[in-house]
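**Q** Dropping in structure21.csv, with CSV, C-alpha atoms.
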```csv
chain,number,residue,atom,x,y,z
A,789,MET,CA,-52.0,-17.6,47.3
A,790,LYS,CA,-48.3,-17.3,46.7
A,791,PRO,CA,-46.7,-20.4,45.3
A,792,TRP,CA,-44.1,-22.4,47.2
A,793,GLN,CA,-40.5,-22.3,46.1
A,794,VAL,CA,-38.9,-25.7,45.8
A,795,ASN,CA,-35.1,-26.1,45.8
A,796,LEU,CA,-33.0,-29.2,45.6
A,797,THR,CA,-29.8,-29.4,47.7
A,798,SER,CA,-26.7,-30.0,45.6
A,799,LYS,CA,-26.6,-33.5,46.8
A,800,ALA,CA,-30.2,-34.1,45.8
A,801,ARG,CA,-29.5,-32.6,42.3
A,802,LYS,CA,-26.7,-35.1,41.8
A,803,GLN,CA,-28.9,-38.0,43.1
A,804,LYS,CA,-31.7,-36.9,40.7
A,805,ASP,CA,-29.4,-37.0,37.7
A,806,ARG,CA,-28.6,-40.6,38.5
A,807,LEU,CA,-32.2,-41.7,38.7
A,808,PRO,CA,-34.0,-43.6,35.9
A,809,LYS,CA,-35.9,-41.2,33.5
A,810,THR,CA,-39.3,-42.3,34.7
A,811,ILE,CA,-38.4,-41.6,38.3
A,812,GLN,CA,-37.0,-38.1,37.4
A,813,GLU,CA,-40.4,-37.4,35.7
A,814,GLN,CA,-42.2,-38.5,38.9
A,815,LEU,CA,-40.0,-36.2,40.9
A,816,LEU,CA,-40.6,-33.3,38.6
A,817,PHE,CA,-44.4,-33.9,38.9
A,818,LEU,CA,-44.1,-34.0,42.7
A,819,ILE,CA,-42.1,-30.8,42.8
A,820,ARG,CA,-44.6,-28.9,40.6
A,821,ASP,CA,-47.5,-30.2,42.8
A,822,ILE,CA,-45.7,-29.0,45.9
A,823,GLU,CA,-45.0,-25.6,44.3
A,824,LYS,CA,-48.7,-25.2,43.6
A,825,HIS,CA,-50.3,-26.8,46.6
A,826,GLY,CA,-47.7,-26.9,49.4
A,827,PRO,CA,-45.6,-29.5,51.2
A,828,VAL,CA,-48.3,-31.6,52.7
A,829,ARG,CA,-49.3,-34.0,49.9
A,830,GLY,CA,-51.8,-36.3,51.6
A,831,ASP,CA,-53.5,-36.8,48.2
A,832,TRP,CA,-50.4,-38.7,46.9
A,833,PRO,CA,-50.2,-42.4,47.6
A,834,ASN,CA,-47.2,-43.4,49.7
A,835,TYR,CA,-46.8,-39.9,51.2
A,836,SER,CA,-46.3,-39.3,54.9
A,837,LYS,CA,-44.9,-36.8,57.4
A,838,LEU,CA,-41.7,-37.9,59.0
A,839,LYS,CA,-41.7,-35.3,61.7
A,840,PRO,CA,-42.9,-31.7,62.0
A,841,ARG,CA,-42.0,-29.8,58.7
A,842,GLN,CA,-40.3,-32.9,57.2
A,843,HIS,CA,-42.1,-35.1,54.6
A,844,HIS,CA,-41.4,-38.0,52.3
A,845,CYS,CA,-43.1,-39.8,49.4
A,846,HIS,CA,-42.3,-43.1,47.6
A,847,LEU,CA,-42.0,-42.2,44.0
A,848,LYS,CA,-42.0,-45.9,43.0
A,849,LYS,CA,-42.7,-48.9,45.1
A,850,GLY,CA,-41.0,-52.2,44.4
A,851,LYS,CA,-37.4,-53.2,44.0
A,852,PRO,CA,-35.8,-50.8,44.2
A,853,THR,CA,-38.2,-48.3,45.9
A,854,TYR,CA,-37.5,-44.7,45.1
A,855,VAL,CA,-38.1,-41.9,47.7
A,856,ALA,CA,-38.1,-38.1,47.9
A,857,VAL,CA,-37.6,-36.4,51.2
A,858,TRP,CA,-38.2,-32.7,51.7
A,859,ALA,CA,-38.4,-30.2,54.5
A,860,GLU,CA,-40.2,-26.8,55.0
A,861,ASN,CA,-37.3,-24.5,55.7
A,862,ASN,CA,-39.1,-21.2,56.2
A,863,GLN,CA,-42.8,-20.8,56.3
A,864,GLU,CA,-42.5,-17.1,55.9
A,865,ILE,CA,-40.9,-17.2,52.4
A,866,ARG,CA,-42.6,-20.5,51.6
A,867,LEU,CA,-39.4,-22.5,50.9
A,868,ILE,CA,-39.2,-26.2,50.5
A,869,GLU,CA,-35.9,-28.0,50.1
A,870,VAL,CA,-35.7,-31.5,48.6
A,871,THR,CA,-32.9,-33.1,50.7
A,872,TYR,CA,-32.8,-36.6,49.3
A,873,VAL,CA,-33.9,-38.5,46.2
A,874,GLY,CA,-33.0,-42.1,45.7
A,875,THR,CA,-33.6,-45.6,46.8
A,876,HIS,CA,-35.4,-46.4,50.0
A,877,GLU,CA,-32.5,-48.3,51.4
A,878,LYS,CA,-30.4,-45.2,51.7
A,879,ALA,CA,-33.1,-42.8,52.7
A,880,PRO,CA,-32.2,-40.6,55.7
A,881,TYR,CA,-35.1,-41.5,58.0
```
Can the structure from this file be put into structure tokens for me?
**A**
Amino acid sequence: MKPWQVNLTSKARKQKDRLPKTIQEQLLFLIRDIEKHGPVRGDWPNYSKLKPRQHHCHLKKGKPTYVAVWAENNQEIRLIEVTYVGTHEKAPY
């Protein structure tokens, strides 16, 4: 099976760079898991679908809670785009 391609929007890249190192590592682990197994990560705690083809996962619960939001852009080319990485309070859902 062909792996999924995961891209970060320019906004998400900037957000990632401002995250604590441990949260950046969690995000990288999540991205590698999505590349290998696809966008539906039901085996991750704190994962859920937001709407068709849009997903999110809490990378760290607590204060603050960090979240990653991603969308399946094109099933044909198997592209995932991470659209938001940051605190739960500012998440776009």
**Q** How would you write as a PyMOL selection string the residues that get within 12 Å of (-46.0, -23.7, 42.3) in the file's frame, counting only C-alpha atoms?
**A** chain A and resi 789-795+816-827+866-868
**Q** Go ahead and save the picked residues with C-alpha atoms, as a CSV table (one decimal), keeping the file's coordinate frame.
**A**
```
chain,number,residue,atom,x,y,z
A,789,MET,CA,-52.0,-17.6,47.3
A,790,LYS,CA,-48.3,-17.3,46.7
A,791,PRO,CA,-46.7,-20.4,45.3
A,792,TRP,CA,-44.1,-22.4,47.2
A,793,GLN,CA,-40.5,-22.3,46.1
A,794,VAL,CA,-38.9,-25.7,45.8
A,795,ASN,CA,-35.1,-26.1,45.8
A,816,LEU,CA,-40.6,-33.3,38.6
A,817,PHE,CA,-44.4,-33.9,38.9
A,818,LEU,CA,-44.1,-34.0,42.7
A,819,ILE,CA,-42.1,-30.8,42.8
A,820,ARG,CA,-44.6,-28.9,40.6
A,821,ASP,CA,-47.5,-30.2,42.8
A,822,ILE,CA,-45.7,-29.0,45.9
A,823,GLU,CA,-45.0,-25.6,44.3
A,824,LYS,CA,-48.7,-25.2,43.6
A,825,HIS,CA,-50.3,-26.8,46.6
A,826,GLY,CA,-47.7,-26.9,49.4
A,827,PRO,CA,-45.6,-29.5,51.2
A,866,ARG,CA,-42.6,-20.5,51.6
A,867,LEU,CA,-39.4,-22.5,50.9
A,868,ILE,CA,-39.2,-26.2,50.5
```
**Q** Using only C-alpha atoms, find the one residue out of A:Ala859, A:Lys809, A:Thr875, A:Thr853 that sits nearest to Lys837 of chain A.
**A**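 Of A:Ala859, A:Lys809, A:Thr875, A:Thr853, the one nearest Lys837 of chain A is A:Ala859, counting only C-alpha atoms.
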**Q** Choose the residue, out of A:Val870, A:Cys845, A:Val857, A:Leu815, that has the smallest atom-to-atom separation from Arg829 of chain A; count all atoms listed in the file.
**A** A:Cys845
**Q** Using all atoms listed in the file, which of A:Val855, A:Thr810, A:His843, A:Thr871 sits nearest Gly830 of chain A?
**A**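 Closest to Gly830 of chain A, using all atoms listed in the file: A:His843.
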**Q** Skip Leu838 of chain A itself and residues of its chain fewer than 6 positions away, then list as number ranges by chain all residues within 12 Å of it, counting only C-alpha atoms.
**A** A: 828, 844-845, 856-860, 879-881
**Q** What gap, in Å, lies between atom CA of Val873 of chain A and atom CA of Glu813 of chain A?
**A**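 It comes out at 12.4 Å.
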**Q** Please write segment 790-804 of chain A of the preceding block to a file containing C-alpha atoms, as an mmCIF file, in the first residue's frame?
**A**
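What landed in part.cif:
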```cif
data_model
loop_
_atom_site.group_PDB
_atom_site.id
_atom_site.type_symbol
_atom_site.label_atom_id
_atom_site.label_comp_id
_atom_site.auth_asym_id
_atom_site.auth_seq_id
_atom_site.Cartn_x
_atom_site.Cartn_y
_atom_site.Cartn_z
ATOM 1 C CA LYS A 790 1.269 3.451 -0.953
ATOM 2 C CA PRO A 791 2.070 5.708 2.034
ATOM 3 C CA TRP A 792 0.136 8.872 2.704
ATOM 4 C CA GLN A 793 1.824 12.217 2.077
ATOM 5 C CA VAL A 794 1.502 14.651 4.999
ATOM 6 C CA ASN A 795 2.096 18.383 4.493
ATOM 7 C CA LEU A 796 1.842 21.206 6.979
ATOM 8 C CA THR A 797 0.321 24.483 5.854
ATOM 9 C CA SER A 798 2.676 27.440 6.233
ATOM 10 C CA LYS A 799 0.580 28.590 9.196
ATOM 11 C CA ALA A 800 0.831 25.162 10.840
ATOM 12 C CA ARG A 801 4.619 25.109 10.276
ATOM 13 C CA LYS A 802 4.941 28.435 12.102
ATOM 14 C CA GLN A 803 2.669 27.188 14.899
ATOM 15 C CA LYS A 804 4.752 23.997 15.205
#
```
